[in-house]
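**Q** Have a look at this one before I ask anything.
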Amino acid sequence: MSQRSERRGIHVDQSELLCKKGCGYYGNAAWQGLCSKCWREEYQKSRQRQIQEDWALAEKLQREEEAAYVSSHSSPQTQPPQSNSLATFSKFEEKKTNEKTRKVTTVKKFFRPSSRTTPKKESHEGKAPSPSISRQSSIETDRVARDFVEFLKTIHKPGREIHKQSRGFIESMGNKKDLSAEELSECVQDFYQGMSDRLLNHYKGSSEKVDRVMDQVEKYIMTRLYQSVFCPETSDDEKKDLATQRRIRALHWVTIQMLCVPVDEDIPEVSDSVVEAITDIIEMDSKRVPRDKLACITSCSKNIFNSIKVTKNEPASADDFLPTLIYIVLKANPPRLQSNIQYITRFCNPSRLMTGEDGYYFTNLCCAVAFIEKLDAQSLNLTPEDFERYMSGQVSPRQQEDPAPWPQSGSCVNPALSQIQHNLKLLSNLEKRQQQVTEGAQNLQAELVEWQDSVAREVQDILERYPLEIKPRASAIDAENVENDRLPPPLQPQVFAG
C-alpha cells in the first residue's frame with residue numbers, strides 16, 4: 001500500500017527523446033534510440049561489414065572445395081583404396097555447397113537488381129484487393145498524380161526532371177518487391193537524399209523551397225507505392241500489430257488515476273478534446289502518405305495539450321503530456337498501430353522526424369507504445385498482487401471504487417457480471433421511459449379523436465341553426481321586359497360634313 005501513497009506518475013526526461021549519439025536530433029526506439037541520420041550511417045556500416053564477411057566466407061568455401069577436388073584427383077593409382085572415402089567426401093562437398101549457396105545469396109542480392117518476381121506472382125494475385133478498394137485507390141492515385149503535375153508546372157525548369165526521376169524510381173521499385181522492409185526503406189531514403197541534394201544545388205541552399213518540393217515528391221511516390229510497402233510480407237509488422245492490440249485489450253482496466261493523467265473528462269470542453277484526440281489517432285490508419293499520418297499524430301497531441309490546459313487552467317508541461325498520450329492510446333486502441341509507426345519510420349522524409357513538432361510528437365508516441373508494452377505494477381503504483389488480479393480479470397478497480405449492490409462470490413468480483421448488472425439497470429430504465437412514451441402517444445391519439453368529434457358536432461349544430469338556402473340565379477336587368485320589340489333602334493353615329 002505504500003506504493004499507492006507515493007504517486008510518482010510517468011516521467012521521461014527530455015534528453016531521453018534525443019539521439020543517443022548526441023547530435024541534437026530526436027531519436028526513435030525503432031532505430032535503437034538514434035536519429036534517422038545516425039541510424040542510416042550505422043546501418044550502412046553494418047551492411048558493409050556483413051557484405052565483406054559474406055564475401056570472405058564465400059571465398060574461403062570456394063578455396064576449400066577446390067583444394068578438396070584437387071586432392072581427390074591428384075593420385076589416380078590409389079583410387080581403389082579410397083573407395084570408402086568417396087562417400088564421405090561427397091557428403092562434405094554437398095554440405096559445403098549448400099552452406100556456400102546460402103551465404104552467397106545474401107551477397108548477390110546487394111549487387112544486382114532482383115528479377116525474381118514470377119514466383120511470387122501467384123501469391124500476389126491470390127491477395128488481390130476487392131474491386132471497390134482498387135477503384136478507390138486508383139481514383140486517389142490519379143488525383144495525386146494530377147496534383148503533382150500541376151505543382152511541377154509552377155516550378156518550371158526542374159519540374160520535368162523531377163517528374164521523370166520520380167516515375168523512373170516508382171518503376172524500379174516494382175522490381176524489388178522481394179526485398180526486406182529495411183532494404184525497401186533504404187531505397188526510398190536514398191532517393192530522398194539524392195533528390196534533396198540536387199534541389200539544394202538548384203535552389204542555392206533554400207531549404208524552404210526544397211522542403212516544399214520534397215513534400216510533394218513524398219506524397220506522389222508513397223501514394224503510388226503504398227500497397228506494396230505498407231506492412232510488407234517480408235516483415236513481422238502484422239504480428240506486432242496483433243500483439244499490441246492484445247496487450248491494450250488486456251489493459252482496459254487502467255484508469256486515469258493510475259496514470260496520473262491531469263485531465264477532467266467531466267468538463268465538456270475537455271471531453272470533446274479527448275474524443276477528438278482519439279479520433280485523430282484512429283484516423284491515422286486511413287492515410288497513405290507518411291506526412292499525413294504525422295499530421296494526425298500532431299493533431300491528436302494538440303488536442304491533448306488543450307484538454308490539459310483547460311483542466312489545469314495553465315499551459316501543459318511535457319510531464320503531463322506523455323501519460324495523457326498513453327491514456328489516449330489505451331482508450332483508442334488504434335488499428336495497425338505498429339505498422340503505421342514502422343511505415344512512418346521507414347518512408348517519411350527524415351527531416352520531419354529529426355526536428356520540429358512533428359518529430360517531437362512522433363517520438364513521444366513511440367515512447368508511449370514502448371511504455372504500454374512494458375507496463376507493470378510499479379509503473380501504475382500498484383502492488384504486484386493487485387496488478388495480477390486486474391490483468392487476470394478477477395477484479396476491476398472501478399468496482400472497488402464504486403461497489404455495486406449485487407451478490408459477490410467470496411472476495412473476488414467478476415467484472416463481466418458487474419457489466420451485466422449495469423446493462424440490466426440501463427435496460428430497466430429504458431423500459432420505463434418507453435412505457436411513458438407509449439402512454440403519452442396513446443393519450444395524444446385519444447385527444448385527437450375527441451377533438452375531431454367535437455369539431456364535427458359544432459359544425460352540425462351550426463348547420464341546424466342556420467340552414468343553407470339556395471336562392472335562384474339573378475336574371476338580367478331587362479329580362480322581364482316584354483315590350484322589347486317596341487323599343488326604337490339604337491342610335492347610330494352620324495358624320496357631318498364640315
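Identifiers in this document derive from the order of the C-alpha cells: chains are assigned A, B, ..., residues are numbered from 1 separately in each chain, and ligands are numbered from 1 in order of occurrence.
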Contacts of Gly194 in chain A at 12 Å or less, counting only C-alpha atoms, minus same-chain residues fewer than 4 places along, as JSON, numbers by chain?
**A** {"A": [162, 165, 166, 169, 187, 188, 189, 190, 198, 199, 200, 201, 214]}
**Q** What parts of range 264-450 of chain A does DSSP call helix (DSSP H, G or I)? I'd like the answer as JSON, numbers by chain.
**A** {"A": [268, 269, 270, 271, 272, 273, 274, 275, 276, 277, 278, 279, 280, 281, 282, 283, 284, 285, 286, 290, 291, 292, 293, 294, 295, 296, 297, 298, 299, 300, 301, 302, 303, 304, 305, 306, 307, 308, 309, 310, 311, 312, 318, 319, 320, 321, 322, 323, 324, 325, 326, 327, 328, 329, 330, 331, 332, 337, 338, 339, 340, 341, 342, 343, 344, 345, 346, 347, 350, 351, 352, 353, 354, 356, 357, 358, 359, 360, 361, 362, 363, 364, 365, 366, 367, 368, 369, 370, 371, 372, 373, 384, 385, 386, 387, 388, 389, 390, 391, 392, 397, 398, 399, 400, 401, 415, 416, 417, 418, 419, 420, 421, 422, 423, 424, 425, 426, 427, 428, 429, 430, 431, 432, 433, 434, 435, 436, 437, 438, 439, 440, 441, 442, 443, 444, 445, 446, 447, 448, 449, 450]}
**Q** Hey, can you check how far CA of Asn381 in chain A sits from CA of Cys367 in chain A?
**A** 19.0 Å
**Q** Between A:Lys240, A:His252, A:Arg346, A:Lys302, which residue has the minimum interatomic distance to Glu276 in chain A, considering only C-alpha atoms?
**A**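 Among the listed residues, A:Lys302 lies closest to Glu276 in chain A.
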**Q** Which residues, written as a ChimeraX atom specification, have at least one atom at most 12 Å from Gln245 in chain A, with only C-alpha atoms counted and residues fewer than 6 positions away on the same chain left out?
**A** /A:238-239,251-252,329-339,369,372-373
**Q** Produce a file of the selected residues containing N, CA and C atoms, as a PDB file, in the first residue's frame.
**A**
```
ATOM      1  N   GLU A 238       2.663  -7.296 -39.005  1.00  0.00           N
ATOM      2  CA  GLU A 238       1.316  -7.773 -38.677  1.00  0.00           C
ATOM      3  C   GLU A 238       1.302  -8.491 -37.327  1.00  0.00           C
ATOM      4  N   LYS A 239       2.323  -9.280 -37.042  1.00  0.00           N
ATOM      5  CA  LYS A 239       2.404  -9.951 -35.750  1.00  0.00           C
ATOM      6  C   LYS A 239       2.528  -8.936 -34.614  1.00  0.00           C
ATOM      7  N   LEU A 251      -5.205  -4.338 -20.972  1.00  0.00           N
ATOM      8  CA  LEU A 251      -5.038  -3.213 -20.049  1.00  0.00           C
ATOM      9  C   LEU A 251      -6.257  -2.294 -20.055  1.00  0.00           C
ATOM     10  N   HIS A 252      -7.424  -2.826 -20.398  1.00  0.00           N
ATOM     11  CA  HIS A 252      -8.625  -1.992 -20.475  1.00  0.00           C
ATOM     12  C   HIS A 252      -9.028  -1.419 -19.122  1.00  0.00           C
ATOM     13  N   VAL A 329      -4.009   6.397 -26.142  1.00  0.00           N
ATOM     14  CA  VAL A 329      -3.716   5.194 -26.926  1.00  0.00           C
ATOM     15  C   VAL A 329      -4.439   3.985 -26.348  1.00  0.00           C
ATOM     16  N   LEU A 330      -4.492   3.889 -25.014  1.00  0.00           N
ATOM     17  CA  LEU A 330      -5.189   2.767 -24.385  1.00  0.00           C
ATOM     18  C   LEU A 330      -6.693   2.814 -24.670  1.00  0.00           C
ATOM     19  N   LYS A 331      -7.268   4.000 -24.676  1.00  0.00           N
ATOM     20  CA  LYS A 331      -8.697   4.127 -24.944  1.00  0.00           C
ATOM     21  C   LYS A 331      -9.014   3.914 -26.423  1.00  0.00           C
ATOM     22  N   ALA A 332      -8.123   4.352 -27.306  1.00  0.00           N
ATOM     23  CA  ALA A 332      -8.404   4.273 -28.745  1.00  0.00           C
ATOM     24  C   ALA A 332      -8.085   2.892 -29.314  1.00  0.00           C
ATOM     25  N   ASN A 333      -6.995   2.268 -28.829  1.00  0.00           N
ATOM     26  CA  ASN A 333      -6.503   1.014 -29.409  1.00  0.00           C
ATOM     27  C   ASN A 333      -6.472   1.132 -30.936  1.00  0.00           C
ATOM     28  N   PRO A 334      -5.623   2.014 -31.467  1.00  0.00           N
ATOM     29  CA  PRO A 334      -5.635   2.303 -32.904  1.00  0.00           C
ATOM     30  C   PRO A 334      -5.347   1.062 -33.734  1.00  0.00           C
ATOM     31  N   PRO A 335      -5.998   0.931 -34.881  1.00  0.00           N
ATOM     32  CA  PRO A 335      -5.740  -0.229 -35.755  1.00  0.00           C
ATOM     33  C   PRO A 335      -4.361  -0.141 -36.390  1.00  0.00           C
ATOM     34  N   ARG A 336      -3.686  -1.284 -36.460  1.00  0.00           N
ATOM     35  CA  ARG A 336      -2.376  -1.420 -37.110  1.00  0.00           C
ATOM     36  C   ARG A 336      -1.396  -0.342 -36.623  1.00  0.00           C
ATOM     37  N   LEU A 337      -1.341  -0.193 -35.309  1.00  0.00           N
ATOM     38  CA  LEU A 337      -0.511   0.871 -34.734  1.00  0.00           C
ATOM     39  C   LEU A 337       0.966   0.653 -35.045  1.00  0.00           C
ATOM     40  N   GLN A 338       1.460  -0.568 -34.864  1.00  0.00           N
ATOM     41  CA  GLN A 338       2.874  -0.833 -35.120  1.00  0.00           C
ATOM     42  C   GLN A 338       3.201  -0.675 -36.600  1.00  0.00           C
ATOM     43  N   SER A 339       2.313  -1.117 -37.471  1.00  0.00           N
ATOM     44  CA  SER A 339       2.565  -0.975 -38.913  1.00  0.00           C
ATOM     45  C   SER A 339       2.638   0.485 -39.316  1.00  0.00           C
ATOM     46  N   VAL A 369       4.045   3.810 -26.811  1.00  0.00           N
ATOM     47  CA  VAL A 369       3.841   2.410 -27.196  1.00  0.00           C
ATOM     48  C   VAL A 369       4.835   1.509 -26.467  1.00  0.00           C
ATOM     49  N   ILE A 372       3.624   1.051 -22.933  1.00  0.00           N
ATOM     50  CA  ILE A 372       2.489   0.127 -22.839  1.00  0.00           C
ATOM     51  C   ILE A 372       2.974  -1.320 -22.911  1.00  0.00           C
ATOM     52  N   GLU A 373       3.960  -1.581 -23.759  1.00  0.00           N
ATOM     53  CA  GLU A 373       4.466  -2.947 -23.880  1.00  0.00           C
ATOM     54  C   GLU A 373       5.161  -3.418 -22.608  1.00  0.00           C
TER      55      GLU A 373
END
```
**Q** Would you pick out the contacts of Val229 in chain A at 9 Å or less, using only C-alpha atoms, so that residues sharing its chain but fewer than 4 positions from it are not included, and give the list as a ChimeraX atom specification?
**A** /A:177,181,184-185,222,225,233,343,347
**Q** Let me see the file: selected residues, N, CA, C and O atoms, as an mmCIF file, in the first residue's frame.
**A**
```cif
data_model
loop_
_atom_site.group_PDB
_atom_site.id
_atom_site.type_symbol
_atom_site.label_atom_id
_atom_site.label_comp_id
_atom_site.auth_asym_id
_atom_site.auth_seq_id
_atom_site.Cartn_x
_atom_site.Cartn_y
_atom_site.Cartn_z
ATOM 1 N N LYS A 177 10.062 -6.100 -55.114
ATOM 2 C CA LYS A 177 9.049 -6.470 -54.131
ATOM 3 C C LYS A 177 9.517 -7.559 -53.184
ATOM 4 O O LYS A 177 8.906 -7.780 -52.135
ATOM 5 N N ALA A 181 11.886 -5.186 -45.652
ATOM 6 C CA ALA A 181 11.357 -3.855 -45.355
ATOM 7 C C ALA A 181 12.486 -2.849 -45.159
ATOM 8 O O ALA A 181 12.374 -1.683 -45.582
ATOM 9 N N LEU A 184 13.816 -1.926 -48.608
ATOM 10 C CA LEU A 184 12.890 -1.005 -49.281
ATOM 11 C C LEU A 184 13.023 0.402 -48.704
ATOM 12 O O LEU A 184 13.020 1.388 -49.454
ATOM 13 N N SER A 185 13.133 0.484 -47.395
ATOM 14 C CA SER A 185 13.313 1.788 -46.759
ATOM 15 C C SER A 185 14.607 2.442 -47.212
ATOM 16 O O SER A 185 14.651 3.652 -47.479
ATOM 17 N N MET A 222 4.823 7.864 -52.355
ATOM 18 C CA MET A 222 4.289 6.937 -51.361
ATOM 19 C C MET A 222 2.828 6.589 -51.628
ATOM 20 O O MET A 222 2.367 5.528 -51.215
ATOM 21 N N LEU A 225 3.268 3.780 -54.089
ATOM 22 C CA LEU A 225 3.916 2.581 -53.546
ATOM 23 C C LEU A 225 3.254 2.041 -52.294
ATOM 24 O O LEU A 225 3.728 1.049 -51.734
ATOM 25 N N GLU A 233 5.074 -8.230 -46.836
ATOM 26 C CA GLU A 233 5.061 -9.646 -46.452
ATOM 27 C C GLU A 233 6.385 -10.084 -45.836
ATOM 28 O O GLU A 233 6.427 -11.058 -45.081
ATOM 29 N N TYR A 343 5.849 2.274 -40.807
ATOM 30 C CA TYR A 343 5.719 2.895 -42.127
ATOM 31 C C TYR A 343 6.245 4.324 -42.095
ATOM 32 O O TYR A 343 6.978 4.749 -43.005
ATOM 33 N N PHE A 347 9.631 5.376 -44.300
ATOM 34 C CA PHE A 347 9.411 6.062 -45.572
ATOM 35 C C PHE A 347 9.100 7.544 -45.451
ATOM 36 O O PHE A 347 8.826 8.183 -46.460
#
```
**Q** His163 in chain A: which residues within 9 Å, counting only C-alpha atoms, same-chain residues fewer than 2 positions away excluded, as an MDAnalysis selection string?
**A** chainID A and resid 148:149 152 158:161 165:168 217
**Q** Can you tell me which residues surround Leu365 in chain A at a distance of at most 10 Å, considering only C-alpha atoms, apart from same-chain residues fewer than 4 positions away, and format the answer as JSON, numbers by chain?
**A** {"A": [28, 297, 301, 322, 325, 326, 329, 341, 359, 360, 361, 369, 370, 371]}
